[in-house]
Amino acid sequence: MKETLLEVKNLKTFFTLKSDKIGGTPDVVKAVNDLTFDVRKGEILGIVGESGCGKSTLGKTIMRLNHKTDGEVLYDGSDIFDLEKKELKAFRKQMQMVFQDPFSSLNPRKKVGDLLAQPLKIHGMTDKAEIDTKINQIMEEVGINPAYKGRFPHQFSGGQRQRIGIARALMLNPEFIICDEAVSALDVSIQAQVINLLLDLHDKYKFTYIFIAHDLAVVEFISTRILVMYLGKIVETADKNELVEQHLHPYTQALFNAFPVTDPKGREKKEQVVMGDVPSPINPPSGCHFHPRCPHAMDICKQEYPPLKEVSPGHRVACWLHK
Ligand code: SF4
C-alpha cells in the first residue's frame, strides 16, 4: 500500500445563507458533510458526482481556499487549518490547483510569461535569467511554444489556455495537484489531449492528483481510485477497476448507465440518465438523500442515513442494500 499524503477526517463545510424574512432562520447549505477519506502518494483519486454535489467545494476546502466548519485536513501529518502564514505559503508550493475556466483564472491583462513568473516571484525567486529558463522549460513541457510567452491569454485557444493553467500549477514543482473540472469546458478531442498531458506529467513526475469532474467516463479514464459524491456525502468509493466491475450504490449504477455512446471501452450504448433532478442541498431529503430518485428505495431509506460500510477491502458503500 502506498504512503498516505492527505487525510481528510470528518470534514464539514457549511454555508449559512441570509434569510429572506426579517428575523427568519437562515438556511444552511451542507456542501461537504462529514467526509473521511485519504489520498495516497502518487495516486489519481477521481471525485465524481452531478453538479452541486459539493465536489468543487471539497477541493477548495482541501486547499484552504474555503473555510471548514469542522473536521481535519492533514497534509503530510499537519492540519492545513492550523498552519501559520509562513507554513501556509510553503504548503501552497506543494499543492496547486487547476481550475475549470482558464480564461477567468488567467489575468487577461498580463502576458503569459508574466503570469508564469508570478508564483516564482511570490516564492522569492528574483534571478531574471533563472525565471526565464524555468518558464521556457515548463511551457515546452505542456506543449506551448515558449516564443509565445509575450502573448496575452485571449490570443490562445481554450485548450492552449488550459495548458497554460497547468503550466502555472507546475511552476513551483508541486507534489500534489487538484484538477477541478479542468477539462469540462473543452471540446471532446481537446479534452483527450489535456488528459493525456496530465497523465504524461503524472508518469514523469509522479504527482499525486485529485481529479474532480461530473463526467464519469473522464474520471474513469484518468483515475486509479474513484470517490462518488451525492449531496455533500461520499456514497461509494473503491479502486477504479473494482468500481467498474462492481458498482453497488444505485447512484453509481445510474452514473455508469448514463455513459455516452462513445464509451472508450466499447460498452453497449446506454442512454438512461439519473432520474429526476438533484434535490436542493439546503433541505436535502430525509434518510438516504438519494431515496426520491432511487428505484430500490425502502422504508428505512426515508428514515435513516445509511453508514458508509466497507463491503470488500477498500470498497465502501453507503446504502441500506449493502449493510
Ligand atoms: Fe436507494 Fe435506499 Fe440505497 Fe439510498 S439507501 S441508495 S434509497 S436503496
# chains A, B, ... in the order shown; residues from 1 in each chain; ligands from 1
>>> residues_near_ligand(ligand="ligand 1", cutoff="10 Å", atoms="only C-alpha atoms and all ligand atoms", output="PDB file with C-alpha atoms, in the first residue's frame")
ATOM      1  CA  VAL A 235     -21.874   7.298  -1.351  1.00  0.00           C
ATOM      2  CA  LEU A 248     -23.029  -1.250  -5.880  1.00  0.00           C
ATOM      3  CA  HIS A 249     -24.696   2.046  -4.970  1.00  0.00           C
ATOM      4  CA  PRO A 250     -27.789   2.773  -7.100  1.00  0.00           C
ATOM      5  CA  TYR A 251     -26.480   6.306  -7.743  1.00  0.00           C
ATOM      6  CA  THR A 252     -23.133   4.973  -9.033  1.00  0.00           C
ATOM      7  CA  GLN A 253     -25.066   2.475 -11.145  1.00  0.00           C
ATOM      8  CA  GLY A 287     -32.692   9.480   5.436  1.00  0.00           C
ATOM      9  CA  CYS A 288     -30.707   8.498   2.359  1.00  0.00           C
ATOM     10  CA  HIS A 289     -30.611  11.726   0.316  1.00  0.00           C
ATOM     11  CA  PHE A 290     -30.904   9.674  -2.880  1.00  0.00           C
ATOM     12  CA  HIS A 291     -34.194   7.966  -1.915  1.00  0.00           C
ATOM     13  CA  PRO A 292     -36.571  10.123  -4.061  1.00  0.00           C
ATOM     14  CA  ARG A 293     -34.590   9.103  -7.175  1.00  0.00           C
ATOM     15  CA  CYS A 294     -33.721   5.548  -6.183  1.00  0.00           C
ATOM     16  CA  PRO A 295     -35.562   2.631  -7.844  1.00  0.00           C
ATOM     17  CA  HIS A 296     -34.742   0.408  -4.822  1.00  0.00           C
ATOM     18  CA  ALA A 297     -35.839   2.764  -2.019  1.00  0.00           C
ATOM     19  CA  MET A 298     -37.259   1.015   1.071  1.00  0.00           C
ATOM     20  CA  ASP A 299     -38.968   2.403   4.174  1.00  0.00           C
ATOM     21  CA  ILE A 300     -35.721   2.603   6.151  1.00  0.00           C
ATOM     22  CA  CYS A 301     -34.161   4.667   3.339  1.00  0.00           C
ATOM     23  CA  LYS A 302     -36.578   7.531   4.058  1.00  0.00           C
ATOM     24  CA  GLN A 303     -35.822   7.480   7.771  1.00  0.00           C
ATOM     25  CA  GLU A 304     -32.129   6.813   8.375  1.00  0.00           C
ATOM     26  CA  TYR A 305     -28.975   7.806   6.528  1.00  0.00           C
ATOM     27  CA  PRO A 306     -27.029   4.602   5.702  1.00  0.00           C
ATOM     28  CA  PRO A 307     -23.496   4.371   7.155  1.00  0.00           C
ATOM     29  CA  VAL A 317     -20.734   1.931   0.100  1.00  0.00           C
ATOM     30  CA  ALA A 318     -23.428   3.965   1.892  1.00  0.00           C
ATOM     31  CA  CYS A 319     -26.625   2.097   1.050  1.00  0.00           C
ATOM     32  CA  TRP A 320     -29.075   0.005   3.077  1.00  0.00           C
ATOM     33  CA  LEU A 321     -28.956  -2.660   0.342  1.00  0.00           C
ATOM     34  CA  HIS A 322     -25.333  -3.343   1.367  1.00  0.00           C
ATOM     35  CA  LYS A 323     -25.366  -3.275   5.158  1.00  0.00           C
TER      36      LYS A 323
END
>>> select_by_dssp(residues="stretch 48-273 of chain A", states="strand (DSSP E or B)", output="PyMOL selection string")
chain A and resi 48+70-75+78-79+95-98+176-180+208-213+225-230+233-239
>>> atom_distance(atom1="atom CA of A:Thr224", atom2="atom CA of A:Asp79")
25.1 Å
>>> residues_around(residues="stretch 182-195 of chain A", least_positions_apart="6", cutoff="7 Å", atoms="only C-alpha atoms", output="ChimeraX atom specification")
/A:98-101,158-159
>>> residues_around(residues="A:Glu7", least_positions_apart="5", cutoff="9 Å", atoms="only C-alpha atoms", output="NGL selection string")
:A and (36-40 or 72-77)
>>> write_last_selection(atoms="C-alpha atoms", output="tab-separated table (two decimals), in the first residue's frame")
chain	number	residue	atom	x	y	z
A	36	THR	CA	-13.48	10.93	5.64
A	37	PHE	CA	-11.01	9.59	3.09
A	38	ASP	CA	-7.33	9.62	2.27
A	39	VAL	CA	-5.16	10.18	-0.77
A	40	ARG	CA	-2.05	8.08	-1.28
A	72	GLU	CA	-9.42	17.96	9.73
A	73	VAL	CA	-7.36	18.09	6.54
A	74	LEU	CA	-3.96	16.56	7.28
A	75	TYR	CA	-1.23	17.05	4.68
A	76	ASP	CA	1.88	15.03	5.50
A	77	GLY	CA	0.51	14.78	9.03
>>> closest_residue(among="A:Lys68, A:His154, A:Arg168, A:His214", to="A:Ile47", atoms="only C-alpha atoms")
A:His214
>>> atom_distance(atom1="atom CA of A:Gly113", atom2="atom CA of A:Arg151")
8.0 Å
>>> closest_residue(among="A:Leu170, A:Ala258, A:Leu115, A:Leu201", to="A:Leu216", atoms="only C-alpha atoms")
A:Ala258
>>> select_by_dssp(residues="stretch 32-171 of chain A", states="alpha helix (DSSP H)", output="number ranges by chain")
A: 55-62, 85-94, 102-105, 112-122, 128-141, 158-170
>>> closest_residue(among="A:Pro146, A:Pro26, A:Gly314, A:Pro174", to="A:Lys240", atoms="only C-alpha atoms")
A:Gly314
>>> residues_around(residues="A:Thr133", least_positions_apart="5", cutoff="12 Å", atoms="only C-alpha atoms", output="PyMOL selection string")
chain A and resi 113+116-117+120+127-128+138-140+146+149+171
